[in-house]
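Undergrad: Data: protein-v5.pdb, PDB, C-alpha atoms.
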```
ATOM      1  CA  MET M   1      -8.533  -2.117 -19.638
ATOM      2  CA  VAL M   2      -9.322   1.580 -20.115
ATOM      3  CA  GLU M   3      -9.445   2.024 -16.311
ATOM      4  CA  THR M   4      -6.043   0.347 -15.941
ATOM      5  CA  ALA M   5      -4.475   2.616 -18.574
ATOM      6  CA  ALA M   6      -5.975   5.691 -16.902
ATOM      7  CA  ALA M   7      -4.711   4.549 -13.488
ATOM      8  CA  LEU M   8      -1.230   3.969 -14.914
ATOM      9  CA  ARG M   9      -1.217   7.472 -16.439
ATOM     10  CA  THR M  10      -2.172   8.915 -13.046
ATOM     11  CA  VAL M  11       0.618   6.976 -11.296
ATOM     12  CA  ALA M  12       3.097   8.073 -13.985
ATOM     13  CA  HIS M  13       2.159  11.731 -13.520
ATOM     14  CA  ASN M  14       2.252  11.518  -9.712
ATOM     15  CA  VAL M  15       5.621   9.717  -9.558
ATOM     16  CA  ARG M  16       7.201  12.225 -11.933
ATOM     17  CA  ALA M  17       5.709  15.187  -9.999
ATOM     18  CA  ALA M  18       6.801  13.823  -6.599
ATOM     19  CA  ARG M  19      10.286  13.017  -7.909
ATOM     20  CA  THR M  20      10.611  16.536  -9.333
ATOM     21  CA  ARG M  21       9.391  18.128  -6.074
ATOM     22  CA  ALA M  22      11.964  16.059  -4.173
ATOM     23  CA  GLY M  23      14.696  17.174  -6.582
ATOM     24  CA  LEU M  24      15.656  13.583  -7.407
ATOM     25  CA  SER M  25      16.973  12.282 -10.688
ATOM     26  CA  LEU M  26      15.682   8.993 -12.053
ATOM     27  CA  GLU M  27      19.005   7.414 -11.059
ATOM     28  CA  GLU M  28      18.851   8.688  -7.477
ATOM     29  CA  LEU M  29      15.201   7.715  -6.963
ATOM     30  CA  GLY M  30      15.955   4.277  -8.369
ATOM     31  CA  ARG M  31      18.946   3.832  -6.091
ATOM     32  CA  ARG M  32      17.083   4.920  -2.961
ATOM     33  CA  ALA M  33      13.915   2.931  -3.758
ATOM     34  CA  GLN M  34      15.811  -0.091  -5.117
ATOM     35  CA  VAL M  35      13.950   0.130  -8.430
ATOM     36  CA  SER M  36      15.820  -0.039 -11.736
ATOM     37  CA  LYS M  37      16.152   3.137 -13.782
ATOM     38  CA  GLY M  38      14.569   1.307 -16.729
ATOM     39  CA  ALA M  39      11.501   0.446 -14.647
ATOM     40  CA  LEU M  40      11.214   4.085 -13.527
ATOM     41  CA  VAL M  41      11.527   5.392 -17.085
ATOM     42  CA  ALA M  42       8.786   2.989 -18.191
ATOM     43  CA  LEU M  43       6.606   3.923 -15.216
ATOM     44  CA  GLU M  44       6.928   7.650 -15.882
ATOM     45  CA  LYS M  45       5.897   6.949 -19.502
ATOM     46  CA  ALA M  46       2.799   5.099 -18.206
ATOM     47  CA  GLN M  47       4.159   1.772 -19.398
ATOM     48  CA  GLY M  48       4.760  -1.438 -17.509
ATOM     49  CA  ASN M  49       2.909  -2.897 -14.567
ATOM     50  CA  PRO M  50       4.380  -1.861 -11.185
ATOM     51  CA  ASN M  51       3.577  -4.249  -8.346
ATOM     52  CA  LEU M  52       2.530  -3.267  -4.829
ATOM     53  CA  ALA M  53       6.054  -3.683  -3.416
ATOM     54  CA  THR M  54       7.456  -1.278  -6.036
ATOM     55  CA  LEU M  55       4.753   1.319  -5.330
ATOM     56  CA  VAL M  56       5.388   1.051  -1.572
ATOM     57  CA  ARG M  57       9.156   1.502  -2.012
ATOM     58  CA  LEU M  58       8.627   4.528  -4.281
ATOM     59  CA  ALA M  59       6.094   6.101  -1.910
ATOM     60  CA  ASP M  60       8.343   5.531   1.120
ATOM     61  CA  THR M  61      11.348   6.989  -0.696
ATOM     62  CA  LEU M  62       9.358  10.022  -1.853
ATOM     63  CA  GLY M  63       7.823  10.504   1.615
ATOM     64  CA  ILE M  64       4.239  10.182   0.404
ATOM     65  CA  SER M  65       1.458   7.604   0.626
ATOM     66  CA  VAL M  66       0.851   4.875  -1.920
ATOM     67  CA  SER M  67      -2.536   6.352  -2.666
ATOM     68  CA  ALA M  68      -0.934   9.750  -3.292
ATOM     69  CA  LEU M  69       0.757   8.006  -6.212
ATOM     70  CA  MET M  70      -2.578   6.647  -7.426
ATOM     71  CA  GLN M  71      -5.105   9.412  -6.785
ATOM     72  CA  GLY M  72      -6.237  12.029  -9.224
ATOM     73  CA  PRO M  73      -7.271  15.527  -8.168
ATOM     74  CA  PRO M  74      -9.554  15.863  -5.110
ATOM     75  CA  GLU M  75     -13.228  15.232  -5.824
ATOM     76  CA  GLY M  76     -14.771  17.464  -3.195
ATOM     77  CA  ARG M  77     -15.382  17.735   0.507
ATOM     78  CA  VAL M  78     -16.572  14.158   1.040
ATOM     79  CA  ARG M  79     -15.183  11.181  -0.812
ATOM     80  CA  VAL M  80     -17.110   7.913  -0.774
ATOM     81  CA  VAL M  81     -15.369   4.839  -2.170
ATOM     82  CA  ALA M  82     -17.037   1.475  -2.777
ATOM     83  CA  ALA M  83     -14.819  -1.620  -2.485
ATOM     84  CA  ASP M  84     -15.765  -2.808  -5.970
ATOM     85  CA  ALA M  85     -14.712   0.552  -7.437
ATOM     86  CA  VAL M  86     -11.093  -0.002  -6.401
ATOM     87  CA  ALA M  87      -8.948  -2.611  -8.130
ATOM     88  CA  PRO M  88      -6.845  -4.837  -5.880
ATOM     89  CA  LEU M  89      -3.192  -3.805  -5.625
ATOM     90  CA  TRP M  90      -2.240  -7.320  -4.563
ATOM     91  CA  THR M  91      -3.862 -10.661  -5.259
ATOM     92  CA  GLY M  92      -2.643 -13.981  -3.948
ATOM     93  CA  GLU M  93      -2.639 -17.295  -5.763
ATOM     94  CA  ARG M  94      -5.476 -18.577  -3.546
ATOM     95  CA  GLY M  95      -7.709 -15.528  -3.974
ATOM     96  CA  SER M  96      -6.499 -13.201  -1.237
ATOM     97  CA  GLU M  97      -6.442  -9.508  -2.081
ATOM     98  CA  ALA M  98      -5.598  -6.050  -0.787
ATOM     99  CA  ARG M  99      -7.380  -2.876  -1.906
ATOM    100  CA  LEU M 100      -6.202   0.623  -1.048
ATOM    101  CA  MET M 101      -9.532   2.334  -0.441
ATOM    102  CA  LEU M 102      -8.330   5.892   0.198
ATOM    103  CA  THR M 103      -5.856   8.111   1.947
ATOM    104  CA  THR M 104      -6.786  10.962   4.218
ATOM    105  CA  SER M 105      -5.369  14.396   3.501
ATOM    106  CA  GLY M 106      -3.392  16.557   5.863
ATOM    107  CA  PRO M 107       0.136  16.717   7.214
ATOM    108  CA  ALA M 108       0.113  13.083   8.493
ATOM    109  CA  PRO M 109      -2.039  11.068   6.057
ATOM    110  CA  VAL M 110      -3.612   7.705   6.828
ATOM    111  CA  GLU M 111      -4.102   5.004   4.191
ATOM    112  CA  VAL M 112      -7.178   2.799   4.600
ATOM    113  CA  TRP M 113      -6.869  -0.706   3.147
ATOM    114  CA  ARG M 114      -9.387  -3.536   2.837
ATOM    115  CA  TRP M 115      -7.822  -7.020   2.907
ATOM    116  CA  SER M 116      -9.146 -10.526   2.442
ATOM    117  CA  LEU M 117      -6.770 -13.383   3.307
ATOM    118  CA  GLU M 118      -7.452 -16.978   2.379
ATOM    119  CA  PRO M 119      -6.289 -19.714   4.813
ATOM    120  CA  ASP M 120      -2.497 -20.200   4.778
ATOM    121  CA  GLU M 121      -1.952 -17.450   2.204
ATOM    122  CA  GLU M 122       0.375 -14.658   3.248
ATOM    123  CA  TYR M 123       1.696 -11.295   2.204
ATOM    124  CA  PRO M 124       5.206 -10.421   3.439
ATOM    125  CA  SER M 125       5.955  -6.699   3.568
ATOM    126  CA  HIS M 126       9.337  -5.052   3.654
ATOM    127  CA  PRO M 127       9.901  -2.530   6.450
ATOM    128  CA  HIS M 128       8.521   0.949   5.776
ATOM    129  CA  GLN M 129      10.183   4.268   6.527
ATOM    130  CA  ALA M 130      10.683   5.231  10.175
ATOM    131  CA  GLY M 131       7.564   6.715  11.754
ATOM    132  CA  VAL M 132       5.036   4.579   9.841
ATOM    133  CA  VAL M 133       2.523   2.852  12.135
ATOM    134  CA  GLU M 134       0.165   0.111  10.932
ATOM    135  CA  THR M 135      -3.087  -0.937  12.571
ATOM    136  CA  VAL M 136      -4.915  -4.156  11.697
ATOM    137  CA  SER M 137      -8.584  -4.726  12.656
ATOM    138  CA  VAL M 138      -9.987  -8.176  11.907
ATOM    139  CA  THR M 139     -13.678  -8.025  10.978
ATOM    140  CA  SER M 140     -14.170 -11.746  10.303
ATOM    141  CA  GLY M 141     -12.084 -14.900  10.447
ATOM    142  CA  ARG M 142      -8.602 -15.301  11.889
ATOM    143  CA  MET M 143      -5.149 -14.183  10.841
ATOM    144  CA  THR M 144      -1.572 -14.373  12.009
ATOM    145  CA  LEU M 145       0.380 -11.137  12.145
ATOM    146  CA  ILE M 146       4.135 -11.704  12.146
ATOM    147  CA  VAL M 147       6.298  -8.755  13.234
ATOM    148  CA  ASP M 148      10.072  -9.214  13.522
ATOM    149  CA  GLY M 149       9.564 -12.983  13.471
ATOM    150  CA  THR M 150       7.059 -13.067  16.353
ATOM    151  CA  GLU M 151       3.579 -14.432  15.555
ATOM    152  CA  HIS M 152       0.399 -12.836  16.908
ATOM    153  CA  THR M 153      -2.998 -14.475  16.301
ATOM    154  CA  LEU M 154      -5.860 -12.045  15.724
ATOM    155  CA  GLU M 155      -9.518 -13.036  15.569
ATOM    156  CA  ALA M 156     -12.676 -11.174  14.573
ATOM    157  CA  GLY M 157     -13.120  -8.129  16.781
ATOM    158  CA  GLN M 158      -9.435  -7.790  17.643
ATOM    159  CA  THR M 159      -7.113  -4.970  16.616
ATOM    160  CA  ALA M 160      -3.322  -4.756  16.711
ATOM    161  CA  THR M 161      -0.927  -1.923  15.996
ATOM    162  CA  PHE M 162       2.822  -1.921  15.378
ATOM    163  CA  ASP M 163       5.662   0.175  14.012
ATOM    164  CA  GLY M 164       5.832  -0.458  10.269
ATOM    165  CA  ASP M 165       9.593  -0.029  10.071
ATOM    166  CA  ALA M 166       9.973  -3.708  11.068
ATOM    167  CA  SER M 167       9.530  -6.623   8.692
ATOM    168  CA  HIS M 168       5.953  -7.899   8.894
ATOM    169  CA  THR M 169       3.696 -10.490   7.289
ATOM    170  CA  TYR M 170      -0.068 -10.981   7.142
ATOM    171  CA  ARG M 171      -1.268 -14.605   6.946
ATOM    172  CA  GLY M 172      -4.782 -16.062   6.842
ATOM    173  CA  SER M 173      -4.900 -18.681   9.586
ATOM    174  CA  GLY M 174      -8.505 -19.705  10.114
ATOM    175  CA  ALA M 175     -10.646 -22.350   8.438
ATOM    176  CA  GLY M 176     -12.120 -19.716   6.106
ATOM    177  CA  PRO M 177     -11.255 -16.287   4.733
ATOM    178  CA  CYS M 178     -10.125 -13.501   7.046
ATOM    179  CA  ASP M 179     -11.368  -9.982   6.326
ATOM    180  CA  LEU M 180      -9.617  -7.016   7.852
ATOM    181  CA  ILE M 181      -9.199  -3.277   7.664
ATOM    182  CA  MET M 182      -5.600  -2.104   7.780
ATOM    183  CA  THR M 183      -4.548   1.495   8.251
ATOM    184  CA  VAL M 184      -1.116   2.880   7.556
ATOM    185  CA  HIS M 185      -0.387   6.039   9.538
ATOM    186  CA  LEU M 186       2.294   8.016   7.719
ATOM    187  CA  PRO M 187       4.607  10.469   9.465
ATOM    188  CA  PRO M 188       4.157  14.153   8.706
ATOM    189  CA  ALA M 189       5.832  15.255   5.496
ATOM    190  CA  PRO M 190       9.136  17.096   6.036
TER     191      PRO M 190
END
```
In structure tokens, what does this structure look like?
TA:
Amino acid sequence: MVETAAALRTVAHNVRAARTRAGLSLEELGRRAQVSKGALVALEKAQGNPNLATLVRLADTLGISVSALMQGPPEGRVRVVAADAVAPLWTGERGSEARLMLTTSGPAPVEVWRWSLEPDEEYPSHPHQAGVVETVSVTSGRMTLIVDGTEHTLEAGQTATFDGDASHTYRGSGAGPCDLIMTVHLPPAP
């Protein structure tokens, strides 16, 4: 519970700092990100429990990565992250999960995610900002990637990429769990 409170304080600080840098009021950020002002006030006070969809909408609106909202100060030249050191940002009812492992630095950051999808469990994602590109690499099992309503089956050893500004869904489709690495390539900051 202490780790969760610390993570929430970090998110609160980072949202407030990014909002201030962007010159946005709480009302304007809420309108653009489709998040209520009350939820933003609570978030900036390190209260509440924002879900993955809310964090993605805020990050997209602020022009930063989700992990930029969650990361503390840089730790040094090399950062090593173990999967069990990162709490899932999404968990499904059947045991699926998504963990944001890290985000690279630089003018066009890349988020690295580790996903596990149980059979027939899915995660629908709203479209991201223009210029976002996602890449999915299946390491074991089988999944269905749905982009703009078209289904694409991916098996272990296969990789797909697509523009993230379209609606998309990840679904486990094999007999067992599907493990994958997903990267989100963000456009350069303005």
Undergrad: Given 6 Å of margin on each side, can you work out the centre and size in Å (one decimal) of an axis-aligned box holding every listed atom of range 110-118 of chain M, as JSON?
TA:
```
{"center_x": -6.5, "center_y": -4.6, "center_z": 4.6, "size_x": 17.8, "size_y": 36.7, "size_z": 16.4}
```
Undergrad: Running the PyMOL selection byres ((chain M and resi 161-170) around 10) on this model by hand, what would come out? Give it as a VMD selection string.
TA: chain M and resid 115 117 120 to 137 143 to 152 159 to 160 171 to 173 182 to 186
Undergrad: Residues of range 110-139 of chain M that have any atom at most 7 Å from an atom of range 94-104 of chain M: could you tabulate them with the shortest-distance atom pair and the distance in Å to one decimal, using only C-alpha atoms, ordered by chain and increasing number, as a tab-separated table?
TA:
```
residue	atom	partner	partner_atom	distance
M:Val110	CA	M:Thr104	CA	5.2
M:Glu111	CA	M:Thr103	CA	4.2
M:Val112	CA	M:Leu102	CA	5.5
M:Trp113	CA	M:Leu100	CA	4.5
M:Arg114	CA	M:Arg99	CA	5.2
M:Trp115	CA	M:Ala98	CA	4.4
M:Ser116	CA	M:Ser96	CA	5.3
M:Leu117	CA	M:Ser96	CA	4.6
M:Glu118	CA	M:Ser96	CA	5.3
M:Glu121	CA	M:Arg94	CA	6.8
```
Undergrad: Counting all atoms listed in the file, which residue out of M:Asn49, M:Val41, M:Arg9, M:Leu58 sits closest to Leu29 in chain M?
TA: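 Comparing M:Asn49, M:Val41, M:Arg9, M:Leu58 against Leu29 in chain M, the winner is M:Leu58.
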Undergrad: Quick check on the file I pasted: which residues fall under the PyMOL selection byres ((chain M and resi 158) around 10)? Write them as a ChimeraX atom specification.
TA: /M:136-140,142,153-157,159-160,180
Undergrad: I need the output of the PyMOL selection byres ((chain M and resi 13) around 10) for this file as a list in words; which residues are they?
TA: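 Applying the expression gives Ala7, Leu8, Arg9, Thr10, Val11, Ala12, Asn14, Val15, Arg16, Ala17, Ala18, Arg19, Leu43, Glu44, Lys45, Ala46, Leu69, Met70 and Gly72 of chain M.
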